[in-house]
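Novice: Dumping the structure here so I can ask a few things about it.
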Amino acid sequence: MLQKPLFEGITQKELAIQLEAKKKCREKLPTWFQTPNIFYPPKLHIEQTSSEQTAGYKASLIQGEKLLDLTGGFGVDSYFFSSHFESVLHCEMDSDLSQIAAHNFKVLDRKNVICIPGDGLEFLKSTNEKFDWIFVDPSRRNDKKGKVFLLEDCLPNLPKHLPSVFEKASRILIKTSPLLDIKQSIQELKFVKEIHVVAVQNEVKELLYVLEHGYTGEVEIKTVNLFKDQQIGFNFNLHDEQRTSVQLGKPANYLYEPNVAILKSGGFKSIGKSIGALKLHQHSHLYTSEKLLSFPGRTFKIEEVLPYSKKGMKSVSNSKANVSTRNFPLSVAEIRKKHKIKDGGETFLFFTTDINDELRVIVAKKCS
């Protein structure tokens with residue numbers, strides 16, 4: 001930044017923005033990173049955009065002739081949608097970002113993407129065109145500080161504008177932050193057909209809502225955990241989850257911890273029922289079985305179950321172990337400090353509550 005300009009007509013600040021943003025793309029957007037002549041926006045836009053992995057997943061869900069990307073951004077989602085649609089319209093309120101996206105679409109040879117600078121909702125009001133799908137990725141309103149949990153606190157305010165959006169398309173795909181509450185979002189929206197909880201390497205990245213005008217059926221929840229060489233899914237019906245009775249049991253031979261996508265989805269009864277595992281407690285979200293089962297999450301062999309007491313903790317205090325808590329009054333940090341347990345090693349300690357509302361420590365080793 002403080003050096004003299006290296007290139008005529010380009011400030012060091014402009015050069016730094018390009019270098020910083022490109023570096024962010026190395027793992028997240030390898031297609032852009034590896035393509036010559038890509039122009040990058042400030043790094044914040046790269047941080048806020050979908051990764052290639054999540055964009056590819058959402059694009060695989062829909063197809064048709066025309067798609068309108070109402071909140072186009074850097075254009076990663078539009079790029080992947082363009083492989084499944086004959087034409088994609090990319091709307092972006094930030095005129096500079098719209099120009100950058102248009103340049104990059106040419107460099108990437110995506111001739112079926114048209115960039116429209118301006119407010120996507122205003123374009124929707126002015127056009128007579130109809131679309132097979134409309135995609136929306138609402139952002140947090142600038143006047144909202146801290147975490148946002150409601151769609152009405154985002155831009156655009158979809159609950160408010162949903163009727164006008166449905167006038168131009170019968171199907172809508174919405175991407176939201178994983179912080180948004182799923183049940184609350186269903187109440188705010190209309191005609192929700194599917195909800196996809198998308199995680200990458202066991203970190204929830206986004207929630208996808210599939211809306212179909214006139215749909216009155218039950219909501220299907222689809223969870224997916226994406227890895228480089230595979231994707232692990234678990235689906236359930238929201239109504240079935242609500243009316244299913246939970247099956248509880250004491251710790252047996254194996255212990256199961258659902259992946260983060262399932263934990264976010266709230267399918268705690270459905271996952272146990274589908275694989276035949278028992279839940280340790282209604283609020284513990286840990287499962288057990290006598291025989292080893294295939295499970296979408298982490299699997300452990302139980303070695304010992306201890307009461308959480310001064311006597312029970314003797315064998316694990318002053319040791320080295322991986323500590324987890326589920327439905328337990330103390331945090332991991334508090335447990336480590338109180339019982340002098342160092343982090344690491346092959347032993348896993350699960351501090352939880354059992355079927356009889358008693359505090360337990362489950363000593364386990366991870367199954368390969």
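Going through the structure tokens in order, the chains are called A, B, and so on, while each chain numbers its residues from 1 and the ligands are numbered from 1 in the order shown.
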Segment 198-261 of chain A near segment 49-60 of chain A within 9 Å: what's each residue's closest atom pair and its distance in Å to one decimal, counting only C-alpha atoms, ordered by chain then ascending residue number, as CSV?

Specialist:
```
residue,atom,partner,partner_atom,distance
A:Val198,CA,A:Thr54,CA,7.4
A:Ala199,CA,A:Thr54,CA,8.3
A:Val200,CA,A:Thr54,CA,7.8
A:Lys205,CA,A:Thr54,CA,8.0
A:Glu206,CA,A:Thr54,CA,8.2
A:Leu208,CA,A:Lys58,CA,7.8
A:Leu226,CA,A:Gln53,CA,7.7
A:Phe227,CA,A:Gln53,CA,8.8
A:Lys228,CA,A:Gln53,CA,8.6
```

Novice: Selected residues, C-alpha atoms, written as a PDB file, in the first residue's frame, please.

Specialist:
```pdb
ATOM      1  CA  VAL A 198     -26.649 -27.101   3.497  1.00  0.00           C
ATOM      2  CA  ALA A 199     -23.420 -27.779   5.397  1.00  0.00           C
ATOM      3  CA  VAL A 200     -19.860 -27.964   4.070  1.00  0.00           C
ATOM      4  CA  LYS A 205     -23.441 -22.506   5.398  1.00  0.00           C
ATOM      5  CA  GLU A 206     -26.952 -21.710   4.176  1.00  0.00           C
ATOM      6  CA  LEU A 208     -32.586 -22.893   1.016  1.00  0.00           C
ATOM      7  CA  LEU A 226     -20.968 -31.643   1.492  1.00  0.00           C
ATOM      8  CA  PHE A 227     -17.413 -32.950   1.332  1.00  0.00           C
ATOM      9  CA  LYS A 228     -14.907 -32.899  -1.534  1.00  0.00           C
TER      10      LYS A 228
END
```

Novice: Would you pick out the contacts of segment 230-242 of chain A at 12 Å or less, using only C-alpha atoms, so that residues sharing its chain but fewer than 6 positions from it are not included, and give the list as a ChimeraX atom specification?

Specialist: /A:53-54,57,182-183,186,192-202,217-224,258-263,265-275,294-297

Novice: Given only C-alpha atoms, how would the per-residue table for segment 286-327 of chain A near segment 249-252 of chain A read, listing every residue at most 10 Å away with its closest atom pair and distance in Å to one decimal, sorted by chain and number, as a tab-separated table?

Specialist:
```
residue	atom	partner	partner_atom	distance
A:Leu286	CA	A:Pro251	CA	9.5
A:Tyr287	CA	A:Pro251	CA	8.0
A:Thr288	CA	A:Pro251	CA	5.7
A:Ser289	CA	A:Ala252	CA	5.5
A:Glu290	CA	A:Ala252	CA	5.3
A:Lys291	CA	A:Ala252	CA	8.7
A:Lys301	CA	A:Ala252	CA	9.2
A:Ile302	CA	A:Ala252	CA	7.3
A:Glu303	CA	A:Ala252	CA	9.8
A:Glu304	CA	A:Pro251	CA	9.4
A:Val305	CA	A:Pro251	CA	7.6
```

Novice: For the selection just defined, write its residues with N, CA and C atoms to a file, as an mmCIF file, in the first residue's frame.

Specialist:
```cif
data_model
loop_
_atom_site.group_PDB
_atom_site.id
_atom_site.type_symbol
_atom_site.label_atom_id
_atom_site.label_comp_id
_atom_site.auth_asym_id
_atom_site.auth_seq_id
_atom_site.Cartn_x
_atom_site.Cartn_y
_atom_site.Cartn_z
ATOM 1 N N LEU A 286 -28.275 -36.945 21.535
ATOM 2 C CA LEU A 286 -27.299 -38.017 21.359
ATOM 3 C C LEU A 286 -28.077 -39.323 21.276
ATOM 4 N N TYR A 287 -27.537 -40.276 20.503
ATOM 5 C CA TYR A 287 -28.280 -41.517 20.228
ATOM 6 C C TYR A 287 -27.403 -42.714 20.544
ATOM 7 N N THR A 288 -28.052 -43.861 20.751
ATOM 8 C CA THR A 288 -27.306 -45.060 21.125
ATOM 9 C C THR A 288 -27.941 -46.299 20.514
ATOM 10 N N SER A 289 -27.148 -47.359 20.404
ATOM 11 C CA SER A 289 -27.650 -48.646 19.895
ATOM 12 C C SER A 289 -26.744 -49.763 20.375
ATOM 13 N N GLU A 290 -27.292 -50.982 20.378
ATOM 14 C CA GLU A 290 -26.506 -52.167 20.747
ATOM 15 C C GLU A 290 -25.551 -52.533 19.622
ATOM 16 N N LYS A 291 -26.091 -52.555 18.366
ATOM 17 C CA LYS A 291 -25.291 -52.908 17.196
ATOM 18 C C LYS A 291 -24.873 -51.651 16.447
ATOM 19 N N LYS A 301 -17.600 -45.756 19.953
ATOM 20 C CA LYS A 301 -17.753 -46.987 20.750
ATOM 21 C C LYS A 301 -17.684 -46.575 22.224
ATOM 22 N N ILE A 302 -18.754 -46.892 22.941
ATOM 23 C CA ILE A 302 -18.807 -46.532 24.361
ATOM 24 C C ILE A 302 -17.943 -47.480 25.176
ATOM 25 N N GLU A 303 -17.043 -46.907 25.973
ATOM 26 C CA GLU A 303 -16.166 -47.704 26.822
ATOM 27 C C GLU A 303 -16.646 -47.749 28.274
ATOM 28 N N GLU A 304 -17.262 -46.640 28.701
ATOM 29 C CA GLU A 304 -17.674 -46.565 30.097
ATOM 30 C C GLU A 304 -18.697 -45.440 30.266
ATOM 31 N N VAL A 305 -19.639 -45.613 31.177
ATOM 32 C CA VAL A 305 -20.603 -44.569 31.514
ATOM 33 C C VAL A 305 -20.452 -44.263 33.003
#
```

Novice: Give me, as a PyMOL selection string, all polymer residues having an atom no more than 9 Å from Thr299 of chain A, counting only C-alpha atoms and skipping those fewer than 3 positions away in the same chain.

Specialist: chain A and resi 254-258+292-296+365-368

Novice: Find the distance between atom CA of Asp119 of chain A and atom CA of Cys91 of chain A and write it in Å to one decimal.

Specialist: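 Taking atom CA of Asp119 of chain A as the start and atom CA of Cys91 of chain A as the end point, the length is 6.8 Å.
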
Novice: Between A:Ser78, A:Gln184, A:Ser164, A:Thr71, which has the minimum distance to Asp94 of chain A (counting only C-alpha atoms)?

Specialist: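 Of all the options, A:Thr71 lies closest to Asp94 of chain A.
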
Novice: Could you please determine the separation between atom CA of Gln63 of chain A and atom CA of Leu124 of chain A in Å, to one decimal place?

Specialist: 20.0 Å
